[in-house]
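J.: Provided herewith is a single structure, encoded as structure tokens, for subsequent inquiry.
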Amino acid sequence: MNRVSDLENQLTAALKTIARRSDLKSYVEQTPQVNQLLRRAAARYVTGEARQDGLEAGRKLLKKGYAVSLEYIGENTTVAAECEAAVTEMLALIHDIGETGMPARVSFDLSHIGLLLDTELAFANLERLAERAQKGGVELFISMEESSKTERILSVYERAASIYPNIGITLQAQLKRTPQDLAALLATPRRVRIVKGAYQEANDSSIPRSPALNARYLELVESSIRQGHSVSIATHDEPIIEKLLEQEWLSGSNIEFEMLYGIRPDLSSKLKAAGHPVRIYLTYGQEWYLYLCHRMAEYPPNLFRAVVDTVSDEGIEPVQSYN
């Protein structure tokens with residue numbers, strides 16, 4: 001069993017490394033045959049390339065009783081014009097959600113809207129999004145990225161959240177600093193999303209996938225709830241979920257499970273059927289390569305699923321798998 005776990009950990013590390021290889025990403029984008037095959041695999045986890053693809057998948061899931069998050073995929077944008085284009089798309093997404101009265105959340109990476117160029121640019125763009133979202137009654141959610149960005153992400157979030165109450169933040173259980181980061185958010189009790197963390201991090205600053213990481217995840221969820229935050233429990237790890245379901249403090253109305261589109265729809269359906277609020281995280285856009293790599297890395301069996309999807313003649317419509 002340990003040998004299998006070691007191999008899975010090595011596979012996870014390899015896939016995370018592949019995800020950050022810009023040369024491999026360029027190769028995939030510029031090689032039609034490879035691009036077509038991998039795009040078929042990505043279709044299980046990405047609703048499509050257009051905004052309407054995400055909105056349509058969201059509407060179908062809402063009818064089934066799920067809440068939804070929507071993200072226009074992108075990160076590590078280093079060209080100002082591309083950051084502006086991303087903000088324009090997100091403003092349009094917020095507008096469409098607000099106009100239809102769709103109870104949806106908009107999630108994004110700060111590095112998609114300027115963080116790598118200038119922290120003040122990212123803050124200014126976040127303000128633009130928050131202003132539009134507040135008028136439309138839409139909640140925004142900032143995702144967490146590599147640990148090298150954590151300090152800046154939290155700084156931008158705290159400034160914006162002191163002005164706009166409709167902004168939430170994501171914290172990664174794998175980072176050793178996270179309990180202190182959570183404690184520092186006491187002044188801005190908002191919604192917090194707890195994830196394990198999808199990035200390859202140094203051993204001295206992170207906890208590897210292990211029982212210790214599972215224990216840290218449980219501690220962070222409990223601490224978040226006790227500190228008065230609304231909490232999104234973003235994991236597909238059944239042992240963690242089963243442990244959480246045993247806790248009395250999980251019954252509050254300010255707690256939900258959040259799961260990624262296309263991953264374990266059976267588990268999402270099971271939790272919803274048991275009466276627990278479940279949110280499905282939907283993505284759309286052309287930057288699907290990194291997202292696909294991360295989905296395979298966080299749950300190695302997804303790699304087998306991806307191989308099957310690349311050669312299958314059947315269309316992939318994950319939303320049909322949700323009950």
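Naming works like this for the structure tokens: A, B, ... for the chains as they're shown, residue 1 at the start of each chain, ligands 1 onward in shown order.
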With 7 Å as the cut-off and only C-alpha atoms counted, what is the closest atom pair between each nearby residue of stretch 134-207 of chain A and stretch 92-105 of chain A? Distances in Å to one decimal, ordered by chain and number, as CSV.
T.:
residue,atom,partner,partner_atom,distance
A:Gly136,CA,A:Gly98,CA,4.6
A:Gly137,CA,A:Gly98,CA,6.5
A:Val138,CA,A:Arg105,CA,6.2
A:Glu139,CA,A:Arg105,CA,5.0
A:Leu140,CA,A:Arg105,CA,5.8
J.: Name the residues in contact with A:Ala50 at a cut-off of 9 Å, using only C-alpha atoms, excluding same-chain residues fewer than 5 positions from it; report them as an mmCIF file with N, CA and C atoms, in the first residue's frame.
T.:
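Output file out.cif is given in full below:
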data_model
loop_
_atom_site.group_PDB
_atom_site.id
_atom_site.type_symbol
_atom_site.label_atom_id
_atom_site.label_comp_id
_atom_site.auth_asym_id
_atom_site.auth_seq_id
_atom_site.Cartn_x
_atom_site.Cartn_y
_atom_site.Cartn_z
ATOM 1 N N TYR A 72 -13.717 32.430 -15.116
ATOM 2 C CA TYR A 72 -13.116 32.586 -16.436
ATOM 3 C C TYR A 72 -11.638 32.248 -16.259
ATOM 4 N N TYR A 284 -14.726 28.173 -17.482
ATOM 5 C CA TYR A 284 -14.800 28.266 -18.944
ATOM 6 C C TYR A 284 -13.630 29.115 -19.423
ATOM 7 N N GLY A 285 -13.336 29.042 -20.710
ATOM 8 C CA GLY A 285 -12.254 29.836 -21.278
ATOM 9 C C GLY A 285 -11.276 28.977 -22.063
ATOM 10 N N GLN A 286 -10.290 29.628 -22.636
ATOM 11 C CA GLN A 286 -9.334 28.932 -23.495
ATOM 12 C C GLN A 286 -8.098 28.443 -22.750
#
J.: Taking only C-alpha atoms into account, which of A:Ser143, A:Ser230, A:Thr178, A:Ser269 comes nearest A:Tyr322?
T.: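 Once distances to A:Tyr322 are computed over only C-alpha atoms, the minimum belongs to A:Ser269.
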J.: Between atom CA of A:Ile153 and atom CA of A:Val195, what is the distance in Å, rounded to a tenth?
T.: 15.6 Å
J.: Using only C-alpha atoms, which of A:Lys149, A:Asn203, A:Val278, A:Gln52 sits nearest A:Lys64?
T.: A:Val278
J.: Would you mind listing what lies within 12 Å of stretch 243-247 of chain A as JSON, numbers by chain, with only C-alpha atoms counted and same-chain residues fewer than 3 positions away left out?
T.: {"A": [214, 215, 217, 218, 219, 220, 221, 222, 225, 233, 235, 237, 238, 239, 240, 250, 251, 252, 255, 256, 257, 271, 274, 275, 276]}
J.: Using the selection just defined, write its residues with N, CA, C and O atoms as a short mmCIF file (atom, residue, chain, number, x, y, z; two decimals), in the first residue's frame.
T.:
data_model
loop_
_atom_site.label_atom_id
_atom_site.label_comp_id
_atom_site.auth_asym_id
_atom_site.auth_seq_id
_atom_site.Cartn_x
_atom_site.Cartn_y
_atom_site.Cartn_z
N ASN A 214 -4.46 16.10 6.25
CA ASN A 214 -5.89 15.91 6.50
C ASN A 214 -6.29 16.50 7.85
O ASN A 214 -7.33 17.15 7.97
N ALA A 215 -5.44 16.27 8.86
CA ALA A 215 -5.72 16.81 10.19
C ALA A 215 -5.70 18.34 10.17
O ALA A 215 -6.54 19.00 10.79
N TYR A 217 -6.38 20.23 7.62
CA TYR A 217 -7.58 20.67 6.90
C TYR A 217 -8.77 20.73 7.87
O TYR A 217 -9.50 21.72 7.91
N LEU A 218 -8.96 19.67 8.65
CA LEU A 218 -10.06 19.61 9.60
C LEU A 218 -9.96 20.74 10.63
O LEU A 218 -10.95 21.38 10.98
N GLU A 219 -8.75 21.00 11.10
CA GLU A 219 -8.53 22.07 12.08
C GLU A 219 -8.90 23.43 11.50
O GLU A 219 -9.52 24.26 12.18
N LEU A 220 -8.53 23.66 10.24
CA LEU A 220 -8.82 24.95 9.61
C LEU A 220 -10.32 25.16 9.41
O LEU A 220 -10.83 26.27 9.59
N VAL A 221 -11.02 24.11 9.02
CA VAL A 221 -12.47 24.22 8.86
C VAL A 221 -13.12 24.58 10.19
O VAL A 221 -13.94 25.50 10.27
N GLU A 222 -12.74 23.85 11.24
CA GLU A 222 -13.33 24.12 12.56
C GLU A 222 -12.98 25.52 13.03
O GLU A 222 -13.86 26.26 13.54
N ILE A 225 -15.06 28.18 11.20
CA ILE A 225 -16.44 28.23 11.67
C ILE A 225 -16.53 28.91 13.03
O ILE A 225 -17.37 29.78 13.26
N ILE A 233 -16.29 24.29 2.21
CA ILE A 233 -15.42 23.13 2.39
C ILE A 233 -15.14 22.56 1.01
O ILE A 233 -15.97 21.85 0.43
N THR A 235 -13.32 20.18 -0.96
CA THR A 235 -12.53 18.95 -1.04
C THR A 235 -13.39 17.82 -1.58
O THR A 235 -14.62 17.83 -1.43
N ASP A 237 -12.17 14.69 -0.81
CA ASP A 237 -11.56 13.65 0.00
C ASP A 237 -12.63 13.08 0.95
O ASP A 237 -12.99 13.70 1.94
N GLU A 238 -13.10 11.87 0.67
CA GLU A 238 -14.20 11.29 1.44
C GLU A 238 -13.87 11.07 2.92
O GLU A 238 -14.73 11.34 3.78
N PRO A 239 -12.66 10.58 3.27
CA PRO A 239 -12.37 10.45 4.70
C PRO A 239 -12.49 11.78 5.45
O PRO A 239 -12.98 11.81 6.59
N ILE A 240 -12.06 12.87 4.82
CA ILE A 240 -12.19 14.19 5.45
C ILE A 240 -13.66 14.55 5.58
O ILE A 240 -14.11 15.02 6.63
N LEU A 250 -21.01 21.33 12.13
CA LEU A 250 -21.14 21.36 10.67
C LEU A 250 -22.57 21.67 10.23
O LEU A 250 -22.83 21.90 9.06
N SER A 251 -23.51 21.69 11.14
CA SER A 251 -24.92 21.85 10.79
C SER A 251 -25.35 23.30 10.57
O SER A 251 -26.50 23.56 10.24
N GLY A 252 -24.44 24.26 10.73
CA GLY A 252 -24.80 25.66 10.57
C GLY A 252 -25.18 26.03 9.15
O GLY A 252 -24.73 25.40 8.18
N ILE A 255 -22.43 27.07 6.19
CA ILE A 255 -21.43 26.08 5.77
C ILE A 255 -21.93 25.35 4.53
O ILE A 255 -23.10 24.98 4.45
N GLU A 256 -21.03 25.17 3.57
CA GLU A 256 -21.38 24.45 2.36
C GLU A 256 -20.20 23.60 1.91
O GLU A 256 -19.05 23.84 2.29
N PHE A 257 -20.49 22.58 1.10
CA PHE A 257 -19.44 21.83 0.42
C PHE A 257 -19.30 22.42 -0.98
O PHE A 257 -20.31 22.79 -1.61
N LEU A 271 -24.17 14.07 -1.09
CA LEU A 271 -24.21 15.10 -0.05
C LEU A 271 -25.47 15.94 -0.16
O LEU A 271 -26.11 16.27 0.84
N ALA A 274 -28.48 14.20 1.09
CA ALA A 274 -28.51 14.13 2.56
C ALA A 274 -28.87 15.47 3.19
O ALA A 274 -28.91 15.59 4.42
N GLY A 275 -29.11 16.48 2.36
CA GLY A 275 -29.54 17.77 2.87
C GLY A 275 -28.45 18.80 3.09
O GLY A 275 -28.71 19.86 3.66
N HIS A 276 -27.23 18.51 2.62
CA HIS A 276 -26.13 19.46 2.79
C HIS A 276 -26.04 20.40 1.59
O HIS A 276 -26.15 19.95 0.44
#
J.: Looking at only C-alpha atoms, which of A:His236, A:Arg216, A:Arg193, A:Lys135 is the one that sits closest to A:Leu171?
T.: A:Arg193
J.: Just the number, please: distance in Å from atom CA of A:Pro189 to atom CA of A:Gly168, one decimal.
T.: 9.2 Å
J.: So what do you get for atom CA of A:Thr88 versus atom CA of A:Asn76, distance-wise?
T.: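 Rounded to one decimal, the two atoms are 16.8 Å apart.
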J.: A:Arg279, A:Arg177, A:Lys270, A:Arg264: which is nearest A:Ala234, counting only C-alpha atoms?
T.: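 The answer is A:Arg279, which sits nearest to A:Ala234.
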J.: Which residues come within 9 Å of A:Glu287, counting only C-alpha atoms, excluding same-chain residues fewer than 5 positions away, as a PyMOL selection string?
T.: chain A and resi 49+72-75
J.: Could you turn the residues from that selection into a file that holds N, CA and C atoms, as an mmCIF file, in the first residue's frame?
T.:
data_model
loop_
_atom_site.group_PDB
_atom_site.id
_atom_site.type_symbol
_atom_site.label_atom_id
_atom_site.label_comp_id
_atom_site.auth_asym_id
_atom_site.auth_seq_id
_atom_site.Cartn_x
_atom_site.Cartn_y
_atom_site.Cartn_z
ATOM 1 N N GLU A 49 -15.389 27.079 -23.964
ATOM 2 C CA GLU A 49 -14.507 28.239 -24.104
ATOM 3 C C GLU A 49 -15.250 29.563 -23.984
ATOM 4 N N TYR A 72 -13.717 32.430 -15.116
ATOM 5 C CA TYR A 72 -13.116 32.586 -16.436
ATOM 6 C C TYR A 72 -11.638 32.248 -16.259
ATOM 7 N N ILE A 73 -11.224 31.106 -16.773
ATOM 8 C CA ILE A 73 -9.894 30.566 -16.462
ATOM 9 C C ILE A 73 -8.776 31.491 -16.933
ATOM 10 N N GLY A 74 -7.774 31.630 -16.066
ATOM 11 C CA GLY A 74 -6.586 32.382 -16.435
ATOM 12 C C GLY A 74 -5.792 32.765 -15.210
ATOM 13 N N GLU A 75 -4.474 32.823 -15.351
ATOM 14 C CA GLU A 75 -3.610 33.268 -14.257
ATOM 15 C C GLU A 75 -2.246 33.624 -14.821
#
